$ cat run-v6.txt   # compact mmCIF, C-alpha atoms
# COMPACT_ATOMS: atom_id res chain seq x y z
CA MET A 1 11.31 37.01 5.54
CA THR A 2 13.52 36.44 8.55
CA THR A 3 12.92 33.57 10.93
CA THR A 4 14.44 33.60 14.36
CA ILE A 5 14.98 30.24 15.97
CA ARG A 6 16.04 30.18 19.58
CA LEU A 7 18.10 27.11 20.38
CA SER A 8 19.08 25.86 23.78
CA ALA A 9 20.77 22.80 25.21
CA ALA A 10 17.57 22.08 27.13
CA ARG A 11 15.61 21.76 23.89
CA LEU A 12 18.07 19.29 22.38
CA SER A 13 17.42 16.82 25.19
CA SER A 14 13.83 17.78 25.88
CA PRO A 15 11.15 15.19 26.76
CA PHE A 16 9.72 15.80 23.25
CA VAL A 17 12.96 14.76 21.54
CA ARG A 18 13.24 11.72 23.79
CA GLN A 19 9.64 10.74 23.09
CA VAL A 20 10.02 11.07 19.31
CA GLU A 21 13.18 8.95 19.43
CA LYS A 22 11.50 6.35 21.62
CA ILE A 23 8.28 6.01 19.59
CA SER A 24 10.09 6.07 16.24
CA GLY A 25 13.00 3.92 17.35
CA GLN A 26 15.31 6.33 15.47
CA LYS A 27 18.42 8.30 16.40
CA LEU A 28 17.59 11.78 15.12
CA LEU A 29 21.20 12.99 15.11
CA ALA A 30 22.12 10.30 12.57
CA CYS A 31 20.63 12.60 9.91
CA TYR A 32 23.23 14.85 8.23
CA GLN A 33 20.69 16.78 6.14
CA CYS A 34 21.55 15.53 2.65
CA GLY A 35 17.96 16.19 1.56
CA LYS A 36 17.48 12.96 -0.36
CA CYS A 37 14.22 12.23 1.50
CA SER A 38 12.71 15.53 0.35
CA ALA A 39 14.03 15.15 -3.20
CA GLY A 40 12.08 11.93 -3.71
CA CYS A 41 9.01 12.65 -1.59
CA PRO A 42 5.84 12.44 -3.74
CA MET A 43 3.90 14.42 -1.12
CA ALA A 44 6.46 17.25 -0.79
CA PRO A 45 4.56 19.69 -3.08
CA HIS A 46 1.66 19.60 -0.62
CA MET A 47 3.74 20.07 2.53
CA ASP A 48 4.45 23.28 4.44
CA MET A 49 7.87 21.92 5.42
CA LEU A 50 9.97 19.23 3.77
CA PRO A 51 10.82 15.85 5.29
CA ASN A 52 14.47 16.79 5.91
CA GLN A 53 13.28 19.99 7.60
CA ILE A 54 11.00 17.95 9.84
CA ILE A 55 13.99 15.86 10.92
CA ARG A 56 16.10 19.00 11.47
CA LEU A 57 13.43 20.64 13.63
CA ALA A 58 13.02 17.39 15.56
CA GLN A 59 16.79 17.25 16.19
CA LEU A 60 16.57 20.77 17.58
CA GLY A 61 13.51 20.04 19.72
CA MET A 62 11.29 22.57 17.90
CA GLU A 63 8.14 20.95 19.23
CA GLU A 64 5.64 23.78 18.65
CA LYS A 65 6.57 24.26 14.99
CA LEU A 66 6.39 20.53 14.28
CA LEU A 67 3.10 19.91 16.03
CA ALA A 68 1.51 22.83 14.18
CA SER A 69 2.76 21.81 10.72
CA ASN A 70 0.46 20.36 8.07
CA ALA A 71 3.31 18.26 6.64
CA ILE A 72 3.08 15.63 9.38
CA TRP A 73 -0.51 14.92 8.25
CA ILE A 74 0.36 14.93 4.54
CA CYS A 75 2.99 12.17 4.79
CA VAL A 76 1.26 8.86 3.87
CA SER A 77 4.14 6.55 4.87
CA CYS A 78 4.90 5.53 1.27
CA MET A 79 8.40 4.67 2.56
CA THR A 80 10.29 6.17 -0.38
CA CYS A 81 12.44 8.27 1.98
CA ASN A 82 13.16 5.32 4.27
CA THR A 83 14.37 3.18 1.36
CA ARG A 84 16.67 5.90 0.05
CA CYS A 85 18.16 7.40 3.23
CA PRO A 86 21.95 6.89 3.14
CA LYS A 87 22.01 6.94 6.96
CA ASP A 88 19.12 4.47 7.30
CA VAL A 89 17.03 6.97 9.23
CA ARG A 90 13.41 5.89 9.04
CA ILE A 91 11.86 9.27 8.37
CA ALA A 92 8.32 7.88 8.08
CA GLU A 93 8.65 6.46 11.59
CA VAL A 94 9.78 9.85 12.91
CA ILE A 95 6.77 11.54 11.31
CA GLU A 96 4.47 8.84 12.73
CA ALA A 97 5.95 9.55 16.17
CA ILE A 98 5.21 13.28 15.81
CA ARG A 99 1.63 12.51 14.71
CA ALA A 100 1.32 10.18 17.70
CA THR A 101 2.45 13.02 19.97
CA VAL A 102 -0.55 15.03 18.79
CA LEU A 103 -3.05 12.17 18.68
CA ARG A 104 -2.15 10.75 22.08
CA THR A 105 -3.08 13.87 24.02
CA ASN A 106 -6.61 13.88 25.38
CA ALA A 107 -7.54 16.87 23.22
CA ARG A 108 -9.08 14.63 20.50
CA ASN A 109 -7.07 16.20 17.70
CA ASP A 110 -8.39 13.75 15.10
CA ARG A 111 -7.77 14.79 11.50
CA LEU A 112 -10.58 12.70 10.01
CA ALA A 113 -14.17 12.23 11.15
CA SER A 114 -16.49 9.94 9.23
CA ALA A 115 -19.43 12.04 10.47
CA ASP A 116 -18.17 14.88 8.22
CA PHE A 117 -18.90 12.88 5.06
CA LEU A 118 -22.11 12.43 3.14
CA PRO A 119 -23.41 8.83 3.13
CA GLU A 120 -22.90 8.63 -0.66
CA THR A 121 -19.29 9.80 -0.31
CA LEU A 122 -18.68 7.11 2.28
CA ALA A 123 -20.35 4.45 0.13
CA ALA A 124 -18.13 5.33 -2.83
CA LEU A 125 -14.97 4.82 -0.78
CA PRO A 126 -13.51 1.33 -0.47
CA PRO A 127 -12.98 0.05 3.11
CA ILE A 128 -9.22 -0.01 2.48
CA ALA A 129 -9.23 3.82 2.13
CA LEU A 130 -11.41 4.50 5.16
CA ILE A 131 -9.68 2.13 7.56
CA ALA A 132 -6.21 3.28 6.48
CA GLY A 133 -7.21 6.93 6.90
CA LEU A 134 -8.78 6.36 10.29
CA ARG A 135 -5.77 4.43 11.54
CA LYS A 136 -3.32 7.11 10.47
CA LEU A 137 -5.26 10.27 11.25
CA THR A 138 -7.29 9.55 14.39
CA SER A 139 -6.50 8.63 17.98
CA MET B 1 -1.90 -27.88 -5.65
CA LYS B 2 -3.94 -26.25 -2.84
CA LEU B 3 -3.18 -22.79 -1.58
CA ALA B 4 -4.60 -21.00 1.50
CA TYR B 5 -5.91 -17.57 0.52
CA TYR B 6 -6.55 -14.35 2.43
CA PRO B 7 -8.65 -12.03 0.21
CA GLY B 8 -8.95 -8.96 2.48
CA CYS B 9 -12.01 -6.74 3.05
CA THR B 10 -12.08 -4.66 -0.12
CA LEU B 11 -11.93 -7.76 -2.35
CA LYS B 12 -15.37 -8.70 -1.03
CA ASN B 13 -17.03 -5.48 -2.24
CA HIS B 14 -15.32 -2.77 -4.33
CA ALA B 15 -12.69 -5.18 -5.67
CA ARG B 16 -14.79 -8.27 -6.37
CA ASN B 17 -13.12 -8.30 -9.81
CA PHE B 18 -9.72 -8.82 -8.13
CA ASP B 19 -11.04 -11.64 -5.92
CA ASP B 20 -12.93 -13.57 -8.58
CA THR B 21 -10.26 -13.32 -11.28
CA THR B 22 -7.62 -14.46 -8.77
CA VAL B 23 -9.57 -17.63 -7.98
CA ALA B 24 -10.54 -18.27 -11.63
CA SER B 25 -7.10 -17.77 -13.14
CA MET B 26 -5.31 -19.78 -10.46
CA ALA B 27 -7.70 -22.66 -11.12
CA ARG B 28 -6.58 -22.60 -14.76
CA LEU B 29 -3.02 -22.99 -13.53
CA GLY B 30 -3.90 -26.03 -11.46
CA VAL B 31 -3.87 -24.17 -8.13
CA GLU B 32 -6.94 -24.59 -5.95
CA VAL B 33 -7.18 -21.33 -4.04
CA ARG B 34 -8.90 -21.94 -0.70
CA GLU B 35 -10.18 -18.89 1.12
CA LEU B 36 -9.66 -19.11 4.89
CA GLU B 37 -12.89 -20.02 6.67
CA ARG B 38 -12.40 -17.22 9.17
CA TRP B 39 -10.41 -14.07 8.69
CA ASN B 40 -10.55 -10.41 9.76
CA CYS B 41 -9.30 -7.03 8.53
CA CYS B 42 -5.48 -7.03 8.40
CA GLY B 43 -5.38 -3.51 9.83
CA THR B 44 -4.59 -2.06 6.35
CA VAL B 45 -1.48 -0.16 7.49
CA HIS B 46 1.52 -1.38 9.45
CA GLY B 47 1.67 0.66 12.66
CA LEU B 48 5.03 2.45 12.75
CA ALA B 49 5.02 3.40 16.44
CA SER B 50 7.44 1.06 18.18
CA ASP B 51 5.49 1.16 21.45
CA ASN B 52 2.05 0.27 20.07
CA LEU B 53 1.71 -3.50 19.87
CA MET B 54 -2.07 -3.25 19.63
CA GLN B 55 -1.74 -2.66 15.88
CA ARG B 56 -0.22 -6.15 15.50
CA ALA B 57 -3.30 -7.87 16.94
CA ALA B 58 -5.34 -7.82 13.70
CA PRO B 59 -2.63 -9.21 11.39
CA VAL B 60 -1.40 -11.79 13.90
CA THR B 61 -4.96 -13.06 14.44
CA ASN B 62 -5.05 -13.80 10.70
CA LEU B 63 -1.73 -15.65 10.90
CA ILE B 64 -3.30 -17.77 13.66
CA ARG B 65 -6.27 -18.50 11.36
CA VAL B 66 -3.88 -19.73 8.66
CA LYS B 67 -2.25 -22.05 11.18
CA GLU B 68 -5.67 -23.31 12.32
CA SER B 69 -6.58 -24.09 8.71
CA GLY B 70 -3.70 -26.55 8.68
CA ALA B 71 -1.63 -24.53 6.21
CA GLY B 72 1.94 -23.43 6.80
CA GLU B 73 1.76 -20.69 4.18
CA PHE B 74 -0.83 -18.55 2.47
CA MET B 75 -1.25 -16.05 -0.33
CA THR B 76 -2.90 -12.66 -0.68
CA GLY B 77 -3.19 -10.46 -3.77
CA CYS B 78 -3.92 -7.13 -2.07
CA ALA B 79 -0.69 -5.15 -1.79
CA MET B 80 -1.70 -3.46 1.48
CA CYS B 81 -2.82 -6.71 3.13
CA TYR B 82 0.41 -8.33 1.97
CA ASN B 83 2.54 -5.55 3.43
CA THR B 84 0.71 -5.46 6.77
CA LEU B 85 0.65 -9.24 7.23
CA LYS B 86 4.25 -9.70 6.09
CA ARG B 87 5.61 -6.94 8.32
CA ALA B 88 3.68 -8.16 11.37
CA ASN B 89 5.04 -11.64 10.71
CA GLN B 90 8.61 -10.37 10.43
CA HIS B 91 8.16 -8.41 13.66
CA MET B 92 6.87 -11.50 15.51
CA ARG B 93 9.75 -13.58 14.20
CA LYS B 94 12.46 -11.25 15.39
CA ASP B 95 10.99 -9.93 18.65
CA ALA B 96 10.27 -12.75 21.13
CA ALA B 97 9.04 -10.33 23.82
CA ALA B 98 6.51 -8.75 21.45
CA LEU B 99 5.33 -12.20 20.36
CA ALA B 100 4.85 -13.29 24.00
CA THR B 101 2.88 -10.10 24.78
CA LEU B 102 0.67 -10.62 21.73
CA ASN B 103 0.00 -14.25 22.63
CA ASP B 104 -0.91 -13.19 26.17
CA PHE B 105 -3.24 -10.54 24.81
CA LEU B 106 -4.83 -13.08 22.46
CA SER B 107 -5.11 -15.68 25.24
CA LEU B 108 -8.70 -16.55 24.32
CA GLU B 109 -7.41 -17.91 21.01
CA GLU B 110 -7.06 -21.69 20.94
CA THR B 111 -3.83 -21.42 18.97
CA GLN B 112 -0.66 -19.59 19.96
CA TYR B 113 1.34 -17.90 17.24
CA ALA B 114 4.99 -18.84 16.92
CA GLY B 115 6.04 -17.06 13.74
CA ASP B 116 5.42 -20.32 11.91
CA VAL B 117 3.39 -19.21 8.90
CA ASP B 118 4.85 -17.90 5.60
CA VAL B 119 3.22 -14.94 3.81
CA PHE B 120 3.22 -14.86 0.00
CA HIS B 121 2.03 -12.24 -2.41
CA LEU B 122 0.26 -13.68 -5.45
CA LEU B 123 2.86 -12.25 -7.86
CA GLU B 124 5.66 -13.82 -5.84
CA PHE B 125 3.81 -17.15 -5.77
CA LEU B 126 3.26 -17.05 -9.54
CA ARG B 127 6.93 -16.34 -10.21
CA ASP B 128 8.50 -18.70 -7.67
CA ARG B 129 6.04 -21.59 -7.34
CA VAL B 130 4.05 -21.68 -10.58
CA GLY B 131 6.68 -20.20 -12.88
CA PHE B 132 6.11 -17.66 -15.66
CA ASP B 133 7.06 -20.32 -18.25
CA LYS B 134 4.20 -22.50 -17.04
CA LEU B 135 1.92 -19.45 -17.06
CA ALA B 136 2.93 -18.68 -20.66
CA ALA B 137 2.23 -22.29 -21.67
CA ALA B 138 -1.31 -22.06 -20.23
CA VAL B 139 -2.26 -18.95 -22.25
CA THR B 140 -5.11 -19.59 -24.69
CA LYS B 141 -5.75 -15.98 -25.71
CA PRO B 142 -2.44 -14.09 -25.98
CA LEU B 143 -2.79 -10.36 -25.25
CA LYS B 144 -1.07 -9.46 -28.52
CA GLY B 145 -0.41 -5.78 -29.06
CA LEU B 146 -1.82 -4.67 -25.71
CA ARG B 147 0.47 -2.01 -24.22
CA VAL B 148 0.45 -2.32 -20.45
CA ALA B 149 1.84 0.06 -17.81
CA CYS B 150 2.54 -1.97 -14.64
CA TYR B 151 1.90 0.08 -11.52
CA TYR B 152 3.44 -1.21 -8.28
CA GLY B 153 2.74 1.70 -5.95
CA CYS B 154 4.35 1.43 -2.52
CA MET B 155 3.37 -1.66 -0.64
CA LEU B 156 4.79 -4.38 -2.88
CA VAL B 157 8.26 -2.88 -2.96
CA ARG B 158 8.78 -0.95 0.27
CA PRO B 159 10.25 -1.28 2.78
CA ARG B 160 13.03 -3.42 1.35
CA GLU B 161 12.56 -6.23 3.86
CA VAL B 162 9.11 -7.07 2.44
CA ALA B 163 9.95 -6.45 -1.24
CA PHE B 164 10.13 -9.50 -3.50
CA ASP B 165 11.65 -7.43 -6.30
CA ASP B 166 13.85 -4.33 -6.67
CA SER B 167 12.46 -1.39 -4.64
CA GLU B 168 13.34 1.26 -7.22
CA SER B 169 12.84 -0.58 -10.49
CA PRO B 170 10.74 -3.72 -10.06
CA ALA B 171 10.02 -5.90 -13.11
CA ILE B 172 7.98 -8.85 -11.85
CA MET B 173 4.68 -7.56 -13.27
CA GLU B 174 6.30 -6.74 -16.62
CA ASN B 175 7.62 -10.30 -16.78
CA LEU B 176 4.17 -11.66 -15.96
CA ILE B 177 2.54 -9.47 -18.60
CA ALA B 178 5.10 -10.56 -21.21
CA ALA B 179 4.25 -14.20 -20.38
CA LEU B 180 0.61 -13.37 -21.22
CA GLY B 181 1.68 -12.07 -24.63
CA ALA B 182 1.19 -8.35 -23.89
CA THR B 183 3.75 -5.57 -24.26
CA PRO B 184 4.96 -3.92 -21.03
CA VAL B 185 5.83 -0.24 -21.54
CA PRO B 186 8.47 1.82 -19.69
CA PHE B 187 6.78 3.56 -16.75
CA ALA B 188 8.86 6.02 -14.73
CA LEU B 189 6.33 6.52 -11.95
CA LYS B 190 5.44 2.85 -11.50
CA ALA B 191 6.53 2.79 -7.85
CA GLU B 192 5.45 6.33 -6.86
CA CYS B 193 2.66 6.70 -4.32
CA CYS B 194 -0.92 7.30 -5.58
CA GLY B 195 -1.85 9.35 -2.51
CA ALA B 196 -3.32 6.37 -0.65
CA TYR B 197 -5.89 7.24 2.04
CA HIS B 198 -5.87 10.94 1.13
CA ALA B 199 -8.72 9.71 -1.11
CA VAL B 200 -10.88 10.20 2.00
CA GLY B 201 -10.09 13.69 3.22
CA ARG B 202 -7.75 15.31 0.66
CA PRO B 203 -8.96 14.18 -2.79
CA GLU B 204 -7.10 17.07 -4.48
CA ILE B 205 -3.80 15.44 -3.46
CA VAL B 206 -4.90 12.16 -5.03
CA ALA B 207 -6.03 14.09 -8.14
CA ASP B 208 -2.51 15.48 -8.45
CA ARG B 209 -0.91 12.05 -8.08
CA THR B 210 -3.35 10.40 -10.50
CA ASP B 211 -2.66 13.11 -13.08
CA LYS B 212 1.11 12.62 -12.85
CA ILE B 213 1.02 8.81 -12.78
CA MET B 214 -1.37 8.57 -15.73
CA GLY B 215 0.77 11.09 -17.61
CA SER B 216 3.79 8.85 -17.08
CA ALA B 217 1.87 5.82 -18.43
CA LEU B 218 0.61 7.82 -21.43
CA ALA B 219 4.11 9.07 -22.24
CA HIS B 220 4.89 5.57 -23.54
CA ALA B 221 1.52 5.08 -25.21
CA ALA B 222 0.11 2.60 -22.69
CA ASP B 223 -3.37 1.24 -23.41
CA ILE B 224 -4.09 0.34 -19.80
CA VAL B 225 -2.60 0.47 -16.32
CA ILE B 226 -2.54 -2.64 -14.13
CA VAL B 227 -2.42 -2.69 -10.33
CA SER B 228 -2.30 -5.07 -7.39
CA CYS B 229 -3.90 -2.81 -4.77
CA PRO B 230 -7.58 -1.85 -4.39
CA LEU B 231 -6.61 1.56 -3.01
CA CYS B 232 -4.35 2.28 -6.00
CA ALA B 233 -7.21 1.06 -8.23
CA HIS B 234 -9.64 3.43 -6.54
CA ASN B 235 -7.30 6.41 -6.82
CA LEU B 236 -6.11 5.78 -10.38
CA ASP B 237 -9.52 4.77 -11.77
CA HIS B 238 -12.37 6.26 -9.72
CA LYS B 239 -10.50 9.44 -8.85
CA GLN B 240 -10.05 10.30 -12.55
CA VAL B 241 -13.16 12.48 -12.14
CA GLU B 242 -11.30 14.47 -9.49
CA ALA B 243 -8.13 14.55 -11.60
CA LYS B 244 -10.05 16.04 -14.52
CA LYS B 245 -11.57 18.67 -12.24
CA HIS B 246 -8.16 19.87 -11.02
CA HIS B 247 -6.21 19.26 -14.25
CA PRO B 248 -8.35 20.16 -17.28
CA ASP B 249 -5.95 18.51 -19.76
CA PHE B 250 -5.99 15.22 -17.86
CA HIS B 251 -6.28 12.05 -19.94
CA GLY B 252 -7.18 8.78 -18.31
CA LEU B 253 -6.79 5.10 -19.12
CA PRO B 254 -8.64 1.98 -18.01
CA VAL B 255 -7.22 0.46 -14.83
CA LEU B 256 -7.32 -3.31 -14.30
CA TYR B 257 -6.00 -5.75 -11.74
CA PHE B 258 -3.22 -7.92 -13.15
CA THR B 259 -5.40 -10.94 -12.37
CA GLN B 260 -8.05 -9.64 -14.79
CA LEU B 261 -5.52 -9.80 -17.62
CA MET B 262 -4.49 -13.27 -16.49
CA ALA B 263 -8.13 -14.37 -16.53
CA ILE B 264 -8.57 -13.05 -20.08
CA ALA B 265 -5.38 -14.66 -21.36
CA LEU B 266 -6.15 -17.98 -19.66
CA GLY B 267 -9.66 -18.09 -21.14
CA CYS B 268 -11.65 -17.71 -17.89
CA ASP B 269 -15.35 -16.85 -17.94
CA ASP B 270 -16.06 -13.10 -18.21
CA ALA B 271 -18.40 -13.37 -15.19
CA ALA B 272 -15.33 -13.05 -12.97
CA GLN B 273 -14.38 -9.67 -14.46
CA HIS B 274 -17.13 -7.47 -12.93
CA PHE B 275 -16.39 -4.65 -15.37
CA GLU B 276 -19.32 -2.76 -13.82
CA LEU B 277 -17.05 -2.00 -10.83
CA HIS B 278 -14.72 0.06 -13.01
CA HIS B 279 -15.02 3.79 -13.45
CA VAL B 280 -13.37 3.78 -16.89
CA ASP B 281 -15.00 0.84 -18.66
CA PRO B 282 -12.22 -1.28 -20.18
CA ARG B 283 -14.65 -3.17 -22.48
CA PRO B 284 -14.46 -0.89 -25.55
CA LEU B 285 -10.66 -1.21 -25.62
CA LEU B 286 -10.70 -4.97 -24.96
CA THR B 287 -13.38 -5.50 -27.61
CA ASP B 288 -11.35 -3.44 -30.07
CA ARG B 289 -8.37 -5.74 -29.44
CA GLY B 290 -10.46 -8.88 -29.75
CA LEU B 291 -10.02 -9.67 -26.04
CA ALA B 292 -13.57 -9.36 -24.75

$ encode --input "run-v6.txt" --output "structure tokens"
Amino acid sequence: MTTTIRLSAARLSSPFVRQVEKISGQKLLACYQCGKCSAGCPMAPHMDMLPNQIIRLAQLGMEEKLLASNAIWICVSCMTCNTRCPKDVRIAEVIEAIRATVLRTNARNDRLASADFLPETLAALPPIALIAGLRKLTS
Amino acid sequence: MKLAYYPGCTLKNHARNFDDTTVASMARLGVEVRELERWNCCGTVHGLASDNLMQRAAPVTNLIRVKESGAGEFMTGCAMCYNTLKRANQHMRKDAAALATLNDFLSLEETQYAGDVDVFHLLEFLRDRVGFDKLAAAVTKPLKGLRVACYYGCMLVRPREVAFDDSESPAIMENLIAALGATPVPFALKAECCGAYHAVGRPEIVADRTDKIMGSALAHAADIVIVSCPLCAHNLDHKQVEAKKHHPDFHGLPVLYFTQLMAIALGCDDAAQHFELHHVDPRPLLTDRGLA
């Protein structure tokens, strides 16, 4: 399969890139793509793109691809990548910023709705699971 | 010794066993654990967006409650509460503008926060204030021959600025378990994520994690897994049903809070154990070993 990616200088300094850097507090270009974050990521098998690929696409301003990925919702902020990054890039913060970009629009793109669950399913879940999920996956 | 205590929401329902064995075992060590008169949810997760101070309001309100109780420090056993409260505290201590904004927002509070409360995790308190030698001396029922896999998960050891032990290869729980007379086993996945809140919407991810983590514990013939987080406990214990569904050759183990083992070794009343809250009943194993 061939993938064509169209790059432009405008994308590299797009409002999206600036917003991700601002919300995450990270300098995206600090990443030199060593791949250590993806190597240790316990959620990687469930992702459609790897953490280092998320950072690469963010560097290049590939907003549409990132916002449509499932990987940004699979990351649970376990912080393994952050602890291991040789450049001290906080990858989890970058992914949180991309999630925020989706959740902060007024489209109500919530990824979890308690109304979807049966009462007995909800009763079986400890509050710590529900509140954490709602805080990470809803606006 | 008196110690202010923040239990956290889940310890009042699904993790009653964690709450009650914390209080009971600390009493045996001469520490009177005093639950705060007022407290609220810690927020469960530390908000990572640098521009959203709202997520600091819940943890900082709790730090104010500690101050109002007259204590300068407090302890919690829940790994997620610890992480959220500790990180919010560190943020308030290093960012004066954020602290001022929070205090303005919480202007109806009678007390202003000034970064002047210390957050302890129970394990850290046991190691640094009680001492594992004193713990060992208080043991009345040594956990002889019990092979224990100590699971840390994420929130006790990451990020590094909140960790009270090595982020990659922590040993504090193993040292505690050894003081109780049990045998800690090597456990490669002891600090690998259990899938956390995916328990809600993506249980198959948790099933995968539980399968791998239990496999790692079984590789060194562990009898049980111990935890310090009610979400890890839920995923590793209650989600074993899900793990079996997705991985037919899955084998499970009983999962206990480290405080439950302390309570057994220190001779506390079994009423604190609430074994009925467990999915895999640990009683047959404990009875077999003469521990229940």

$ interface_residues --input "run-v6.txt" --of "chain A" --to "chain B" --cutoff "7 Å" --atoms "all atoms listed in the file" --output "list in words"
Ile23, Ser24, Gly25, Pro42, Val76, Cys78, Met79, Thr83, Glu93, Glu96, Ala97, Leu112, Pro126, Pro127, Ile128, Ala129, Leu130, Ile131, Ala132 and Gly133 of chain A

$ atom_distance --input "run-v6.txt" --atom1 "atom CA of Thr84 of chain B" --atom2 "atom CA of Lys136 of chain A"
13.7 Å

$ residues_around --input "run-v6.txt" --residues "segment 256-273 of chain B" --least-positions-apart "3" --cutoff "6 Å" --atoms "all atoms listed in the file" --output "ChimeraX atom specification"
/B:17,20-22,25,139-142,226-228

$ closest_residue --input "run-v6.txt" --among "B:Asn89, B:Ser69, B:Thr76, B:Ser216" --to "Arg56 of chain B" --atoms "only C-alpha atoms"
B:Asn89

$ closest_residue --input "run-v6.txt" --among "A:Ala92, A:Lys36, A:Asn70, A:Cys31" --to "Arg56 of chain A" --atoms "only C-alpha atoms"
A:Cys31

$ atom_distance --input "run-v6.txt" --atom1 "atom CA of Ala217 of chain B" --atom2 "atom CA of Ala123 of chain A"
29.0 Å

$ closest_residue --input "run-v6.txt" --among "A:Arg18, A:Arg84, A:Lys27, A:Arg111" --to "Cys41 of chain A" --atoms "all atoms listed in the file"
A:Arg84

$ atom_distance --input "run-v6.txt" --atom1 "atom CA of Gln26 of chain A" --atom2 "atom CA of Asn62 of chain B"
29.0 Å

$ residues_around --input "run-v6.txt" --residues "segment 32-36 of chain B" --least-positions-apart "4" --cutoff "6 Å" --atoms "all atoms listed in the file" --output "PyMOL selection string"
chain B and resi 2-6+23+27

$ residues_near_point --input "run-v6.txt" --point "(7.0, -9.5, -5.8)" --cutoff "8 Å" --atoms "only C-alpha atoms" --output "ChimeraX atom specification"
/B:121-124,156-157,163-165,172

$ residues_around --input "run-v6.txt" --residues "Val185 of chain B" --least-positions-apart "2" --cutoff "7 Å" --atoms "all atoms listed in the file" --output "JSON, numbers by chain"
{"B": [147, 148, 149, 183, 187, 220, 222]}

$ write_last_selection --input "run-v6.txt" --atoms "C-alpha atoms" --output "short mmCIF file (atom, residue, chain, number, x, y, z; two decimals), in the frame of the given file"
data_model
loop_
_atom_site.label_atom_id
_atom_site.label_comp_id
_atom_site.auth_asym_id
_atom_site.auth_seq_id
_atom_site.Cartn_x
_atom_site.Cartn_y
_atom_site.Cartn_z
CA ARG B 147 0.47 -2.01 -24.22
CA VAL B 148 0.45 -2.32 -20.45
CA ALA B 149 1.84 0.06 -17.81
CA THR B 183 3.75 -5.57 -24.26
CA PHE B 187 6.78 3.56 -16.75
CA HIS B 220 4.89 5.57 -23.54
CA ALA B 222 0.11 2.60 -22.69
#

$ residues_around --input "run-v6.txt" --residues "Ile74 of chain A" --least-positions-apart "5" --cutoff "8 Å" --atoms "only C-alpha atoms" --output "list of chain:residue names"
A:Met43, A:His46, A:Met47

$ residues_around --input "run-v6.txt" --residues "Leu57 of chain A" --least-positions-apart "6" --cutoff "8 Å" --atoms "only C-alpha atoms" --output "PyMOL selection string"
chain A and resi 63+65-66

$ residues_near_point --input "run-v6.txt" --point "(7.8, -20.4, 9.9)" --cutoff "10 Å" --atoms "only C-alpha atoms" --output "PDB file with C-alpha atoms, keeping the file's coordinate frame"
ATOM      1  CA  GLY B  72       1.940 -23.430   6.800  1.00  0.00           C
ATOM      2  CA  GLU B  73       1.760 -20.690   4.180  1.00  0.00           C
ATOM      3  CA  ASN B  89       5.040 -11.640  10.710  1.00  0.00           C
ATOM      4  CA  ARG B  93       9.750 -13.580  14.200  1.00  0.00           C
ATOM      5  CA  ALA B 114       4.990 -18.840  16.920  1.00  0.00           C
ATOM      6  CA  GLY B 115       6.040 -17.060  13.740  1.00  0.00           C
ATOM      7  CA  ASP B 116       5.420 -20.320  11.910  1.00  0.00           C
ATOM      8  CA  VAL B 117       3.390 -19.210   8.900  1.00  0.00           C
ATOM      9  CA  ASP B 118       4.850 -17.900   5.600  1.00  0.00           C
ATOM     10  CA  VAL B 119       3.220 -14.940   3.810  1.00  0.00           C
TER      11      VAL B 119
END
